[in-house]
Structure formats: structure tokens, C-alpha cells
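Structure below is work_29.txt: compact mmCIF, C-alpha atoms.
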```
# COMPACT_ATOMS: atom_id res chain seq x y z
CA MET S 1 -18.02 12.68 21.72
CA LYS S 2 -17.06 14.03 18.29
CA LEU S 3 -13.40 13.70 17.30
CA SER S 4 -13.23 17.49 16.88
CA GLU S 5 -14.14 17.90 20.56
CA PHE S 6 -11.84 15.03 21.56
CA VAL S 7 -8.87 16.78 19.90
CA GLU S 8 -9.69 20.10 21.47
CA THR S 9 -10.02 18.65 24.97
CA THR S 10 -7.03 16.29 24.93
CA GLY S 11 -4.66 18.62 23.07
CA PHE S 12 -3.15 15.64 21.22
CA GLU S 13 -1.20 16.46 18.08
CA VAL S 14 -3.29 15.80 14.96
CA LEU S 15 -1.52 13.94 12.14
CA CYS S 16 -4.59 12.89 10.24
CA LEU S 17 -8.24 13.71 10.83
CA PRO S 18 -10.31 12.59 7.85
CA ASP S 19 -13.67 13.36 9.47
CA ALA S 20 -13.86 15.45 12.64
CA SER S 21 -17.57 14.70 13.05
CA VAL S 22 -16.98 10.97 13.67
CA MET S 23 -18.04 9.88 17.17
CA VAL S 24 -15.55 8.25 19.54
CA GLU S 25 -17.27 6.20 22.23
CA GLU S 26 -14.56 4.25 24.07
CA GLY S 27 -10.85 3.78 24.50
CA TYR S 28 -8.59 0.75 24.38
CA THR S 29 -4.93 0.58 25.36
CA SER S 30 -2.69 -2.19 24.06
CA ASP S 31 0.52 -2.82 22.18
CA LEU S 32 -0.37 -6.40 21.26
CA LEU S 33 -2.22 -6.41 17.98
CA SER S 34 -3.87 -9.80 18.61
CA ASP S 35 -5.25 -8.38 21.84
CA VAL S 36 -6.60 -5.35 19.97
CA VAL S 37 -8.23 -7.55 17.32
CA SER S 38 -9.92 -9.64 20.00
CA ASN S 39 -10.99 -7.02 22.50
CA CYS S 40 -10.98 -3.47 21.16
CA PRO S 41 -14.59 -2.21 20.99
CA GLU S 42 -15.97 -0.53 17.88
CA ASP S 43 -15.83 3.28 17.67
CA SER S 44 -12.85 3.30 20.01
CA VAL S 45 -9.67 5.28 20.16
CA LEU S 46 -6.67 2.92 20.35
CA ILE S 47 -3.78 4.06 22.56
CA THR S 48 -0.54 2.33 21.57
CA VAL S 49 3.19 2.61 20.92
CA GLN S 50 2.84 0.66 17.67
CA ASN S 51 3.73 3.41 15.18
CA HIS S 52 3.34 1.35 12.00
CA THR S 53 0.78 0.59 9.34
CA ASN S 54 -0.36 -2.67 10.94
CA SER S 55 -2.01 -0.65 13.72
CA ILE S 56 -4.15 0.99 11.03
CA ALA S 57 -5.01 -2.41 9.52
CA VAL S 58 -6.10 -3.66 12.95
CA CYS S 59 -8.23 -0.56 13.62
CA THR S 60 -9.91 -0.95 10.23
CA LEU S 61 -10.71 -4.56 11.13
CA VAL S 62 -12.27 -3.75 14.51
CA GLU S 63 -13.77 -0.45 13.32
CA ALA S 64 -11.89 1.69 15.78
CA VAL S 65 -12.04 5.34 14.73
CA ALA S 66 -8.75 6.76 15.97
CA ILE S 67 -5.23 5.95 17.13
CA VAL S 68 -3.11 7.80 19.67
CA ILE S 69 0.62 7.08 19.35
CA THR S 70 2.36 7.66 22.66
CA HIS S 71 5.90 8.77 23.67
CA ASP S 72 6.00 11.13 20.66
CA ARG S 73 7.20 8.24 18.53
CA GLU S 74 8.10 8.97 14.94
CA ILE S 75 5.30 8.40 12.46
CA THR S 76 6.02 7.66 8.81
CA LYS S 77 4.36 9.27 5.81
CA GLU S 78 3.13 5.79 4.85
CA MET S 79 1.27 5.42 8.13
CA ILE S 80 -0.38 8.84 7.77
CA GLU S 81 -1.31 8.11 4.17
CA LEU S 82 -2.84 4.74 5.09
CA ALA S 83 -4.77 6.35 7.96
CA ARG S 84 -6.19 8.87 5.49
CA GLN S 85 -7.06 6.08 3.06
CA GLU S 86 -8.78 4.02 5.76
CA GLU S 87 -10.44 7.12 7.28
CA ILE S 88 -8.89 6.62 10.70
CA ALA S 89 -7.83 9.63 12.76
CA LEU S 90 -4.19 9.61 13.86
CA PHE S 91 -2.96 11.53 16.90
CA ARG S 92 0.32 11.74 18.79
CA THR S 93 1.29 12.69 22.33
CA PRO S 94 4.51 12.82 24.39
CA LEU S 95 2.61 11.07 27.21
CA SER S 96 3.05 7.38 28.11
CA GLN S 97 0.28 4.87 27.43
CA PHE S 98 -0.76 5.10 31.09
CA GLN S 99 -0.87 8.90 31.11
CA ALA S 100 -2.61 9.07 27.73
CA THR S 101 -5.15 6.49 28.92
CA CYS S 102 -5.91 8.61 31.99
CA VAL S 103 -6.45 11.67 29.79
CA VAL S 104 -8.71 9.79 27.36
CA ALA S 105 -10.65 8.18 30.21
CA SER S 106 -11.30 11.50 31.90
CA VAL S 107 -12.30 13.15 28.64
CA LEU S 108 -14.65 10.33 27.58
CA ASN S 109 -16.10 9.86 31.07
CA GLY S 110 -16.73 13.59 31.23
CA ALA S 111 -18.60 13.31 27.96
CA ILE S 112 -20.74 10.43 29.30
CA GLU S 113 -21.65 12.29 32.50
CA MET G 1 34.16 -0.58 -11.31
CA GLU G 2 34.71 2.25 -8.86
CA ASN G 3 32.48 4.38 -11.02
CA VAL G 4 29.44 2.11 -10.50
CA SER G 5 27.68 2.98 -7.29
CA HIS G 6 25.42 0.55 -5.50
CA PRO G 7 23.26 0.31 -3.49
CA THR G 8 23.20 3.92 -2.29
CA PRO G 9 23.75 5.91 -5.44
CA PRO G 10 23.96 9.70 -5.63
CA PRO G 11 20.79 11.62 -6.43
CA PRO G 12 20.21 11.98 -10.17
CA PRO G 13 21.10 15.29 -11.82
CA PRO G 14 18.03 17.46 -12.47
CA SER G 15 18.30 16.92 -16.20
CA GLU G 16 17.60 13.20 -15.76
CA GLY G 17 14.08 13.74 -14.48
CA ALA G 18 12.51 13.42 -17.88
CA SER G 19 10.28 10.41 -17.32
CA GLY G 20 7.12 11.91 -15.85
CA ASP G 21 5.26 8.65 -16.49
CA ALA G 22 7.33 6.55 -14.07
CA LEU G 23 5.69 3.29 -13.13
CA SER G 24 4.90 3.78 -9.48
CA LEU G 25 3.51 1.23 -7.04
CA THR G 26 2.64 2.58 -3.63
CA THR G 27 2.58 -1.02 -2.32
CA ALA G 28 0.17 -0.14 0.48
CA TYR G 29 -2.92 -0.21 -1.72
CA GLU G 30 -2.18 -2.65 -4.52
CA PRO G 31 -3.95 -6.00 -4.99
CA LEU G 32 -2.24 -8.86 -3.14
CA VAL G 33 -1.74 -10.88 -6.33
CA LEU G 34 0.29 -8.03 -7.78
CA MET G 35 2.29 -7.56 -4.58
CA GLU G 36 3.09 -11.27 -4.48
CA LEU G 37 4.19 -11.12 -8.11
CA ILE G 38 6.59 -8.22 -7.68
CA GLN G 39 8.17 -9.99 -4.71
CA ARG G 40 8.40 -13.37 -6.47
CA LEU G 41 9.67 -12.17 -9.85
CA LYS G 42 13.36 -11.32 -10.00
CA VAL G 43 14.96 -8.58 -12.05
CA ARG G 44 16.47 -11.29 -14.26
CA ASP G 45 12.94 -12.53 -15.12
CA VAL G 46 11.96 -9.22 -16.70
CA MET G 47 15.21 -7.70 -18.03
CA THR G 48 16.38 -7.66 -21.64
CA HIS G 49 19.21 -10.20 -21.76
CA SER G 50 20.77 -9.27 -25.10
CA VAL G 51 22.30 -5.90 -24.37
CA VAL G 52 23.54 -3.67 -27.16
CA SER G 53 26.80 -2.17 -25.88
CA VAL G 54 29.86 -0.26 -27.04
CA GLU G 55 33.50 -0.15 -25.91
CA ARG G 56 35.17 2.97 -24.51
CA CYS G 57 37.18 3.67 -27.66
CA ILE G 58 34.10 3.73 -29.94
CA PRO G 59 33.19 7.27 -31.14
CA LEU G 60 29.98 8.81 -29.86
CA TRP G 61 28.52 9.00 -33.38
CA GLU G 62 28.71 5.20 -33.59
CA ALA G 63 26.75 4.94 -30.32
CA GLN G 64 24.24 7.39 -31.80
CA ARG G 65 23.91 5.25 -34.95
CA LEU G 66 23.30 2.11 -32.87
CA MET G 67 20.70 3.86 -30.71
CA LYS G 68 18.84 4.98 -33.83
CA GLU G 69 19.07 1.56 -35.49
CA LYS G 70 18.02 -0.43 -32.40
CA HIS G 71 15.42 2.11 -31.20
CA ILE G 72 17.02 2.47 -27.76
CA SER G 73 17.66 5.53 -25.64
CA GLY G 74 20.85 4.49 -23.84
CA ILE G 75 23.86 2.23 -24.46
CA PRO G 76 26.07 0.71 -21.73
CA VAL G 77 29.81 1.08 -22.22
CA VAL G 78 31.25 -2.38 -21.55
CA GLU G 79 34.57 -4.17 -21.89
CA GLU G 80 35.00 -7.87 -21.16
CA GLY G 81 31.64 -7.91 -19.43
CA ARG G 82 32.55 -5.05 -17.06
CA LEU G 83 30.34 -1.97 -17.05
CA PHE G 84 32.23 1.34 -17.29
CA GLY G 85 29.42 3.80 -17.98
CA LEU G 86 26.42 4.60 -20.10
CA VAL G 87 25.84 6.84 -23.10
CA SER G 88 22.34 8.31 -23.00
CA MET G 89 20.39 10.30 -25.55
CA GLU G 90 21.23 13.38 -23.50
CA ASP G 91 24.98 12.67 -23.76
CA ILE G 92 24.57 12.46 -27.56
CA ILE G 93 22.66 15.76 -27.73
CA CYS G 94 25.40 17.42 -25.65
CA ALA G 95 28.06 15.93 -27.95
CA ILE G 96 26.33 17.29 -31.07
CA GLU G 97 25.91 20.71 -29.48
CA GLY G 98 29.47 20.73 -28.18
CA GLY G 99 30.98 19.49 -31.46
CA TYR G 100 32.69 16.42 -29.96
CA ILE G 101 30.51 13.66 -31.49
CA ALA G 102 33.64 12.07 -33.04
CA GLN G 103 35.29 11.65 -29.62
CA PRO G 104 35.38 8.23 -27.89
CA CYS G 105 32.43 7.23 -25.67
CA GLY G 106 34.85 6.62 -22.78
CA HIS G 107 35.57 10.34 -22.48
CA TYR G 108 32.00 11.63 -22.31
CA MET G 109 29.87 8.76 -20.99
CA THR G 110 27.85 9.05 -17.78
CA THR G 111 29.83 7.29 -15.06
CA LYS G 112 27.71 7.84 -11.98
CA LEU G 113 25.35 4.95 -12.51
CA VAL G 114 22.66 3.31 -10.50
CA VAL G 115 22.58 -0.42 -11.15
CA LEU G 116 20.36 -3.34 -10.19
CA GLU G 117 21.39 -6.89 -9.38
CA ASP G 118 19.81 -9.74 -11.29
CA ASP G 119 18.53 -11.59 -8.20
CA MET G 120 16.81 -8.57 -6.62
CA PRO G 121 13.01 -8.82 -6.44
CA LEU G 122 11.14 -6.87 -9.12
CA SER G 123 9.79 -4.59 -6.37
CA PHE G 124 13.31 -3.11 -6.05
CA ALA G 125 13.37 -2.21 -9.74
CA ILE G 126 9.95 -0.56 -9.48
CA HIS G 127 11.06 1.48 -6.47
CA TYR G 128 14.26 2.49 -8.27
CA PHE G 129 12.28 3.79 -11.27
CA ASP G 130 10.05 5.69 -8.91
CA ARG G 131 12.96 7.10 -6.91
CA PHE G 132 15.59 7.95 -9.52
CA HIS G 133 13.57 8.75 -12.67
CA PHE G 134 16.12 7.12 -14.99
CA GLY G 135 14.81 5.56 -18.19
CA ARG G 136 16.74 2.31 -17.69
CA PHE G 137 18.99 0.48 -15.26
CA PRO G 138 21.92 -1.78 -16.17
CA VAL G 139 21.71 -5.15 -14.40
CA LEU G 140 24.79 -6.85 -12.93
CA ASN G 141 25.20 -10.40 -11.68
CA ARG G 142 26.97 -11.45 -8.49
CA ASP G 143 30.33 -11.30 -10.25
CA ARG G 144 29.58 -7.66 -11.16
CA LEU G 145 29.31 -8.52 -14.86
CA LEU G 146 26.70 -6.79 -17.03
CA VAL G 147 23.99 -9.37 -17.79
CA GLY G 148 21.05 -7.24 -18.87
CA ILE G 149 19.25 -3.95 -18.92
CA VAL G 150 15.79 -3.15 -17.67
CA CYS G 151 13.42 -0.38 -18.73
CA GLN G 152 9.84 0.29 -17.69
CA ARG G 153 8.47 -1.36 -20.83
CA ASP G 154 10.16 -4.64 -19.78
CA ILE G 155 8.42 -4.48 -16.41
CA ASN G 156 5.00 -3.71 -17.90
CA ARG G 157 5.32 -6.59 -20.35
CA ALA G 158 6.44 -9.11 -17.71
CA LEU G 159 3.70 -8.08 -15.27
CA LEU G 160 0.98 -8.33 -17.92
CA ASP G 161 2.26 -11.80 -18.89
CA GLU G 162 2.34 -13.03 -15.31
CA LEU G 163 -1.00 -11.47 -14.36
CA SER G 164 -2.77 -13.10 -17.29
CA LYS G 165 -1.30 -16.47 -16.23
CA GLU G 166 -2.39 -15.83 -12.65
CA PHE G 167 -5.94 -14.89 -13.70
CA SER G 168 -6.37 -17.99 -15.82
CA ARG G 169 -5.09 -20.10 -12.90
CA MET G 170 -7.58 -18.41 -10.54
CA GLU G 171 -10.45 -18.85 -12.99
CA LYS G 172 -9.68 -22.57 -13.27
CA SER G 173 -9.44 -22.84 -9.49
CA VAL G 174 -12.85 -21.18 -8.97
CA ALA G 175 -14.46 -23.34 -11.66
CA ARG G 176 -13.01 -26.46 -10.04
CA THR G 177 -14.06 -25.69 -6.48
CA THR G 178 -17.53 -24.19 -6.98
CA PRO G 179 -19.93 -26.92 -5.84
CA PRO G 180 -22.69 -27.86 -8.25
CA ASP G 181 -25.42 -27.66 -5.61
CA ILE G 182 -25.17 -23.96 -4.75
CA GLY G 183 -28.91 -23.44 -4.93
CA PRO G 184 -30.09 -20.25 -3.27
CA THR G 185 -27.19 -20.24 -0.76
CA THR G 186 -24.62 -17.49 -1.10
CA TYR G 187 -21.31 -18.89 -2.27
CA MET G 188 -17.99 -17.08 -2.49
CA LEU G 189 -14.36 -18.11 -2.77
CA ARG G 190 -11.31 -15.90 -2.48
CA GLU G 191 -7.62 -16.75 -2.38
CA PHE G 192 -4.96 -14.46 -0.97
CA PRO G 193 -1.27 -15.26 -1.44
CA VAL G 194 0.68 -14.18 1.66
CA ALA G 195 4.45 -13.60 1.57
CA LYS G 196 6.86 -14.18 4.45
CA TYR G 197 7.60 -11.02 6.48
CA ASP G 198 5.33 -8.91 4.26
CA PHE G 199 4.20 -6.77 7.18
CA GLU G 200 3.29 -3.97 4.81
CA ASN G 201 0.31 -5.92 3.49
CA ALA G 202 -0.50 -7.91 6.63
CA GLY G 203 -4.19 -7.62 7.47
CA LYS G 204 -5.33 -6.76 3.95
CA ALA G 205 -6.80 -10.21 3.27
CA ALA G 206 -8.75 -10.15 6.55
CA ASN G 207 -10.07 -6.69 5.76
CA ALA G 208 -11.06 -7.75 2.24
CA ILE G 209 -12.98 -10.71 3.70
CA LYS G 210 -14.69 -8.48 6.24
CA THR G 211 -15.70 -5.95 3.57
CA ALA G 212 -17.05 -8.70 1.28
CA MET G 213 -19.16 -10.15 4.12
CA LEU G 214 -20.52 -6.78 5.20
CA GLU G 215 -21.45 -6.01 1.60
CA ARG G 216 -23.37 -9.30 1.54
CA LYS G 217 -25.16 -8.18 4.73
CA PHE G 218 -23.97 -10.94 7.03
CA PRO G 219 -24.58 -10.15 10.72
CA PRO G 220 -21.74 -7.88 12.00
CA LYS G 221 -20.96 -10.15 14.99
CA MET G 222 -20.43 -13.13 12.68
CA VAL G 223 -18.34 -10.98 10.38
CA ARG G 224 -16.08 -9.95 13.24
CA ARG G 225 -15.51 -13.58 14.27
CA VAL G 226 -14.54 -14.54 10.72
CA ALA G 227 -12.37 -11.41 10.40
CA VAL G 228 -10.51 -12.19 13.65
CA ALA G 229 -9.79 -15.76 12.50
CA ALA G 230 -8.68 -14.56 9.07
CA TYR G 231 -6.47 -11.83 10.57
CA GLU G 232 -4.70 -14.14 12.98
CA LEU G 233 -4.12 -16.80 10.34
CA GLU G 234 -2.87 -14.17 7.88
CA ILE G 235 -0.44 -12.77 10.48
CA ASN G 236 0.75 -16.30 11.27
CA LEU G 237 1.59 -16.80 7.59
CA VAL G 238 3.53 -13.51 7.55
CA VAL G 239 5.38 -14.07 10.83
CA HIS G 240 6.00 -17.81 11.01
CA SER G 241 5.69 -19.38 7.54
CA ASP G 242 7.84 -19.34 4.44
CA GLY G 243 4.79 -17.92 2.64
CA GLY G 244 1.49 -19.49 1.82
CA MET G 245 -2.10 -19.04 0.80
CA LEU G 246 -5.10 -17.84 2.78
CA THR G 247 -8.29 -19.23 1.28
CA TRP G 248 -11.74 -18.11 2.33
CA GLN G 249 -15.03 -19.54 1.20
CA ILE G 250 -18.60 -19.29 2.29
CA GLY G 251 -21.33 -21.70 1.36
CA ASN G 252 -24.04 -23.79 3.00
CA GLY G 253 -24.25 -21.34 5.89
CA ARG G 254 -20.58 -21.70 6.86
CA SER G 255 -17.50 -19.58 6.49
CA GLU G 256 -14.24 -21.47 6.15
CA VAL G 257 -10.83 -19.82 6.36
CA VAL G 258 -7.86 -22.03 5.54
CA ALA G 259 -4.22 -21.00 5.93
CA GLN G 260 -1.87 -23.32 4.12
CA ASP G 261 1.85 -22.72 4.06
CA LYS G 262 4.95 -24.20 2.50
CA GLY G 263 6.88 -24.64 5.73
CA PRO G 264 8.74 -24.76 7.98
CA GLY G 265 6.09 -26.73 9.95
CA ILE G 266 5.44 -26.85 13.70
CA GLU G 267 7.28 -29.33 15.93
CA ASP G 268 4.79 -29.35 18.80
CA VAL G 269 1.32 -28.33 17.65
CA ALA G 270 -0.26 -28.63 21.11
CA TRP G 271 2.39 -26.30 22.55
CA ALA G 272 1.90 -23.79 19.70
CA CYS G 273 -1.85 -23.67 20.39
CA ARG G 274 -1.35 -22.83 24.06
CA ASP G 275 -2.05 -19.31 25.31
CA GLY G 276 1.09 -17.16 25.37
CA THR G 277 3.48 -19.55 23.64
CA SER G 278 5.29 -18.32 20.56
CA THR G 279 8.51 -18.84 18.63
CA ALA G 280 8.52 -15.23 17.39
CA ASN G 281 11.79 -13.35 17.77
CA GLU G 282 12.34 -10.01 19.49
CA TRP G 283 11.91 -7.70 16.52
CA ILE G 284 8.63 -9.36 15.54
CA ARG G 285 7.41 -9.00 19.13
CA SER G 286 8.44 -5.35 19.13
CA LEU G 287 5.98 -4.77 16.29
CA GLY G 288 3.14 -6.09 18.45
CA PHE G 289 3.03 -9.59 16.96
CA GLY G 290 4.10 -12.97 18.29
CA ALA G 291 2.47 -12.69 21.70
CA GLY G 292 1.23 -16.26 21.46
CA LEU G 293 -2.41 -15.18 21.24
CA GLY G 294 -3.02 -15.90 17.57
CA LEU G 295 -4.08 -19.54 17.42
CA VAL G 296 -5.89 -19.14 20.75
CA ASN G 297 -7.93 -16.32 19.23
CA VAL G 298 -8.71 -18.37 16.12
CA LYS G 299 -9.94 -21.28 18.27
CA ARG G 300 -12.04 -18.94 20.40
CA VAL G 301 -13.96 -17.47 17.46
CA SER G 302 -14.31 -20.72 15.49
CA ASP G 303 -17.12 -23.27 15.68
CA SER G 304 -14.68 -25.81 14.30
CA PHE G 305 -10.89 -25.58 14.36
CA GLU G 306 -8.31 -27.96 12.90
CA ILE G 307 -4.57 -27.78 12.60
CA THR G 308 -2.21 -30.20 10.93
CA SER G 309 1.52 -29.71 10.57
CA LYS G 310 4.61 -31.55 9.45
CA VAL G 311 8.11 -30.23 9.96
CA GLY G 312 9.78 -29.55 6.62
CA VAL G 313 6.48 -29.78 4.76
CA GLY G 314 4.09 -27.17 6.11
CA THR G 315 1.07 -26.32 8.22
CA THR G 316 -2.63 -26.15 7.42
CA VAL G 317 -5.07 -24.44 9.76
CA ARG G 318 -8.81 -24.53 9.13
CA SER G 319 -11.32 -22.30 10.92
CA ILE G 320 -15.05 -22.73 10.37
CA VAL G 321 -17.68 -20.29 11.62
CA ASN G 322 -21.38 -21.07 11.23
CA ILE G 323 -22.68 -17.83 9.85
CA GLY G 324 -26.16 -18.73 8.62
CA ALA G 325 -27.63 -16.83 5.70
CA PRO G 326 -27.11 -13.14 4.94
CA LEU G 327 -29.66 -10.91 6.68
CA GLU G 328 -31.43 -10.12 3.42
CA GLU G 329 -31.87 -13.84 2.65
CA GLN G 330 -33.23 -14.38 6.17
CA GLU G 331 -35.83 -11.69 5.51
```
In C-alpha cells, what does this structure look like?
Amino acid sequence: MKLSEFVETTGFEVLCLPDASVMVEEGYTSDLLSDVVSNCPEDSVLITVQNHTNSIAVCTLVEAVAIVITHDREITKEMIELARQEEIALFRTPLSQFQATCVVASVLNGAIE
Amino acid sequence: MENVSHPTPPPPPPSEGASGDALSLTTAYEPLVLMELIQRLKVRDVMTHSVVSVERCIPLWEAQRLMKEKHISGIPVVEEGRLFGLVSMEDIICAIEGGYIAQPCGHYMTTKLVVLEDDMPLSFAIHYFDRFHFGRFPVLNRDRLLVGIVCQRDINRALLDELSKEFSRMEKSVARTTPPDIGPTTYMLREFPVAKYDFENAGKAANAIKTAMLERKFPPKMVRRVAVAAYELEINLVVHSDGGMLTWQIGNGRSEVVAQDKGPGIEDVAWACRDGTSTANEWIRSLGFGAGLGLVNVKRVSDSFEITSKVGVGTTVRSIVNIGAPLEEQE
């Protein structure tokens, strides 16, 4: 699914979307960055509460394409700027990680079917 | 000293925003060597120590004469080492226009000052120049005495000096460690200084290693294993060490990442390598680190893993991944 379609379907707030034509294939939910580094698949969207630049660094490393910050947590200009630099999409939602994961799962599964 | 505000000074008046060429480091995208330098160097290492100053009773025209003679754009007003204010070029222009150039400096000096302390890291000074757009900052010591003044030229000069030393050290290091029998095998060596609690740059070394390997067309799965090991070791240096060096080299079909720190050392290495054990405190955990997965991850992706540690001395962790030759060499 293209990120443009992902945004439209999920309704997540867009903070940074460097390339809307990038494909998102899977999702991964975790707040432990070592867990993300080890297990997050490529071309994923990462769902996390970690609203800081290290989440971007981790996504760059594992080649995840997007991050969803949950609970409407505050996001700094530095994080948005780094996301733009690293070409990673950055979204935000008032949902919890569980709720956001359910939304992403239904959206991505729908795309697969 | 009531007139000297620190560390949360008032915003500068609009007329002070003259320096459009402020030295600005965004810190998120600068080379690690530079970031390490601006953390390690103190304001006292770059400031001008011999400060030209005047007393409050000195007329403004005398300050003007000194500024012209010494080629400076601002003079601190000081008595017995205590800073009372600063006469800037702008104050002089106002005095000439207003016809009070013969009046004492004490009456017309700028008193709302932003000052630096001599043991602050250089990064503070750079941020202050970026934030306040003043041409110079007086520097005080712990006893609140004026010990120097720092302008952007001082910073540029000190950084150039230190960077040239650093480059010559790195060149010597590469020359020393490059094996003579490289042959057709790809060989690379990179060193990344890592500072304690530098979360802002954490992960940059691992990403640089990953990019270098992908550019050399190593198989992506191998690259990810090396990147995971490098990331975890880099984070360990940031979270647990007093600072250290992450060294990465490839040669003879192997990638070797070594994290060497200057302390504090690990009391029980076997315990530290166990899944889920960590000495990280709450705030580090709240950032998503310190879950006790790091060394376990490094072991998992490594073909060979070694750790040695001595309390009070430091820790060295070595991760080797057999990566074979780059894809293009295999073809």
C-alpha cells in the first residue's frame, strides 16, 4: 500500500511525508528500540510512544518507512526535521499503541486481500 | 552583579540582530568527530584570555579609542574583576548621535548581558551565538570574575586547530592499522568517538557503517547483522560508558566492530550478557533503551563475540561477522 493511501485510510495526522508514493508493507509495534532493531521488518510502519530522534535513527537502520507516534505525544521540530532528512514519514494519533496497531493491521490486511 | 543575567537571559533587543553569519551547528547532522570536539572543548579552551576592559568612570570616547586601536567591537566594563556591563559599537554610535560621548561608560553601557561560564562545553557557546545573535559573550569563572571573552572568530580558529590535529591523528591511525597484505580483498577502517549520554547522535555510527557496506554492495542480510551489532554497541557506549570509541573494520571477508570505553567497567560480565538484565536507570528506560537486550542482540548476530571488562578501567566488546566478499567481487 502506498503511504498516500495509508494516510487517507487511517486518518493519522501527518507531520512529515517526504514521499507519498513509498510502499508500506508491514507494521511493527514496540517501545524498546533494541527490539525494533532486531525484529522490525523492512518497509514497515513502526507504532511507538518513543517521540524522539532515536526512533528515526532506528527506522533508518532497519529501513522502516514510517513511524506512528501514539497518545498524541508532543513531537519536536528536531524529530520532524530528522524524519525529513532521513526520508521517513512521521504520523501521530491520539490512539494507544494497541488501538493504532488494530487500525494499521486492518488497513494493511485489507490491502493484502 | 545583579545586572548580569545567567543562564536564562532576556531576549536580545532587535537592534542586536546584526550578525547574519552566525556560526550555527544543527548537531543532528554534523560529523561525529566535530560533535565530540564541541562537547570535549570548554569555553576556556577557545576564549581570548587577555580582555581589554574599561572602568565605569572612563568616558565613552576613551572606550571608542580603545575599540579602534585594538580592532574590537565591544569592551566589557569591569572593576576588580567584576563585570558591570559592556560598551558595544552600537552604544558608541548612539553616544555620538546623542552628543554624550564624553560621559562615563557606567552611565550608558549595556547592562542586560548574556554571559558564558568558562567550564561550559563549547557546544553551549555555539548554541548561544545561534540563539542570541550577539557578536561576543563575556566569560565568567565560578567566582563570577571576568576571565575572558569569546567571539565567533575564536571558535572558528579553535575548531580548525583541533580538527587538523584530529585528522592527522586519524591518518596516522589508518596508516598504522592497514595490513600490508590487503590484496584484492576490500579493506575499510572507520572510528567513531561516542560521548556519554549523547542520545542526539546515538545510532549515527551504525547508520554510517550500514551505508558504507551497502555502497560496497555487501549482501543486505549481512549488512543488517553488522548494523545491529554496531547499533547495540554504540547505544551501550552512550548509555553505560563514560564515553569511548566504536571502531569498525572489514578485511579478509570479516567485519569487526569493537566498542572500547574508558569506564566504569562491568562487575559481573556474565550477568550483563543475560537476556533482560540491565543497570539502566528509569529515565534511560523511558527513552526505549536499557531493556537488557543489547548484548544479547550483539551475540545473536555475531559469528564471534568477546567481552572483557575491568571495573575502574573499562570494557571492550568485539563482534565479528563473516561477511564474505562484496557481491560485485563474487561476480
Shortest contact to Ser44 (chain S), candidates S:Leu61, S:Val107, S:Ala66, S:Ala83, atoms counted all atoms listed in the file, goes to S:Ala66
Give me the chain G side of the contact with chain S, cut-off 9 Å, one line per residue showing its nearest atom pair and distance in Å at one decimal, counting only C-alpha atoms, sorted by chain and residue number, as a Markdown table.
```
| residue | atom | partner | partner_atom | distance |
| --- | --- | --- | --- | --- |
| G:Ala28 | CA | S:Leu82 | CA | 7.4 |
| G:Tyr29 | CA | S:Leu82 | CA | 8.4 |
| G:Phe199 | CA | S:Asn54 | CA | 7.2 |
| G:Glu200 | CA | S:Thr53 | CA | 6.9 |
| G:Asn201 | CA | S:Asn54 | CA | 8.2 |
| G:Ala202 | CA | S:Asn54 | CA | 6.8 |
| G:Gly203 | CA | S:Ala57 | CA | 5.7 |
| G:Lys204 | CA | S:Ala57 | CA | 7.1 |
| G:Ala206 | CA | S:Leu61 | CA | 7.5 |
| G:Asn207 | CA | S:Leu61 | CA | 5.8 |
| G:Lys210 | CA | S:Leu61 | CA | 7.4 |
| G:Arg224 | CA | S:Val62 | CA | 7.4 |
| G:Arg225 | CA | S:Ser38 | CA | 8.9 |
| G:Ala227 | CA | S:Leu61 | CA | 7.1 |
| G:Val228 | CA | S:Val37 | CA | 6.3 |
| G:Tyr231 | CA | S:Val37 | CA | 8.2 |
| G:Glu232 | CA | S:Ser34 | CA | 7.2 |
| G:Arg285 | CA | S:Leu32 | CA | 8.5 |
| G:Ser286 | CA | S:Gln50 | CA | 8.3 |
| G:Leu287 | CA | S:Gln50 | CA | 6.4 |
| G:Gly288 | CA | S:Leu32 | CA | 4.5 |
| G:Phe289 | CA | S:Leu33 | CA | 6.2 |
| G:Gly290 | CA | S:Leu32 | CA | 8.5 |
| G:Ala291 | CA | S:Leu32 | CA | 6.9 |
| G:Gly292 | CA | S:Ser34 | CA | 8.7 |
| G:Leu293 | CA | S:Ser34 | CA | 6.2 |
| G:Gly294 | CA | S:Ser34 | CA | 6.2 |
| G:Asn297 | CA | S:Ser38 | CA | 7.0 |
```
Skipping near chain neighbours, those fewer than 6 positions away, what residues fall within 12 Å of Glu162 (chain G) using only C-alpha atoms, listed as a PyMOL selection string? chain G and resi 33-34+36-38+40-41+45-46+155-156+168-169
Within 9 Å of region 48-50 of chain G, counting only C-alpha atoms, which residues show up once you throw out same-chain ones fewer than 3 positions away? Write them as a PDB file with C-alpha atoms, in the frame of the given file, please.
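Written out: out_16.pdb:
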```pdb
ATOM      1  CA  ARG G  44      16.470 -11.290 -14.260  1.00  0.00           C
ATOM      2  CA  ASP G  45      12.940 -12.530 -15.120  1.00  0.00           C
ATOM      3  CA  VAL G 147      23.990  -9.370 -17.790  1.00  0.00           C
ATOM      4  CA  GLY G 148      21.050  -7.240 -18.870  1.00  0.00           C
ATOM      5  CA  ILE G 149      19.250  -3.950 -18.920  1.00  0.00           C
ATOM      6  CA  VAL G 150      15.790  -3.150 -17.670  1.00  0.00           C
ATOM      7  CA  CYS G 151      13.420  -0.380 -18.730  1.00  0.00           C
ATOM      8  CA  ASP G 154      10.160  -4.640 -19.780  1.00  0.00           C
TER       9      ASP G 154
END
```
Could you please determine the separation between CA of Met222 (chain G) and CA of Trp248 (chain G) in Å, to one decimal place?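 Interatomic distance here is 14.4 Å.
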For each of S:Cys102, S:Thr10, S:Leu46, S:Val65, take the minimum atom-to-atom distance to Arg84 (chain S), counting all atoms listed in the file, then give the residue where this is smallest.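 The closest residue to Arg84 (chain S) is S:Val65.
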Would you mind listing what lies within 12 Å of Gly110 (chain S) as a ChimeraX atom specification, with all atoms listed in the file counted and same-chain residues fewer than 2 positions away left out? /S:1,5-6,9-10,25-26,102-108,112-113
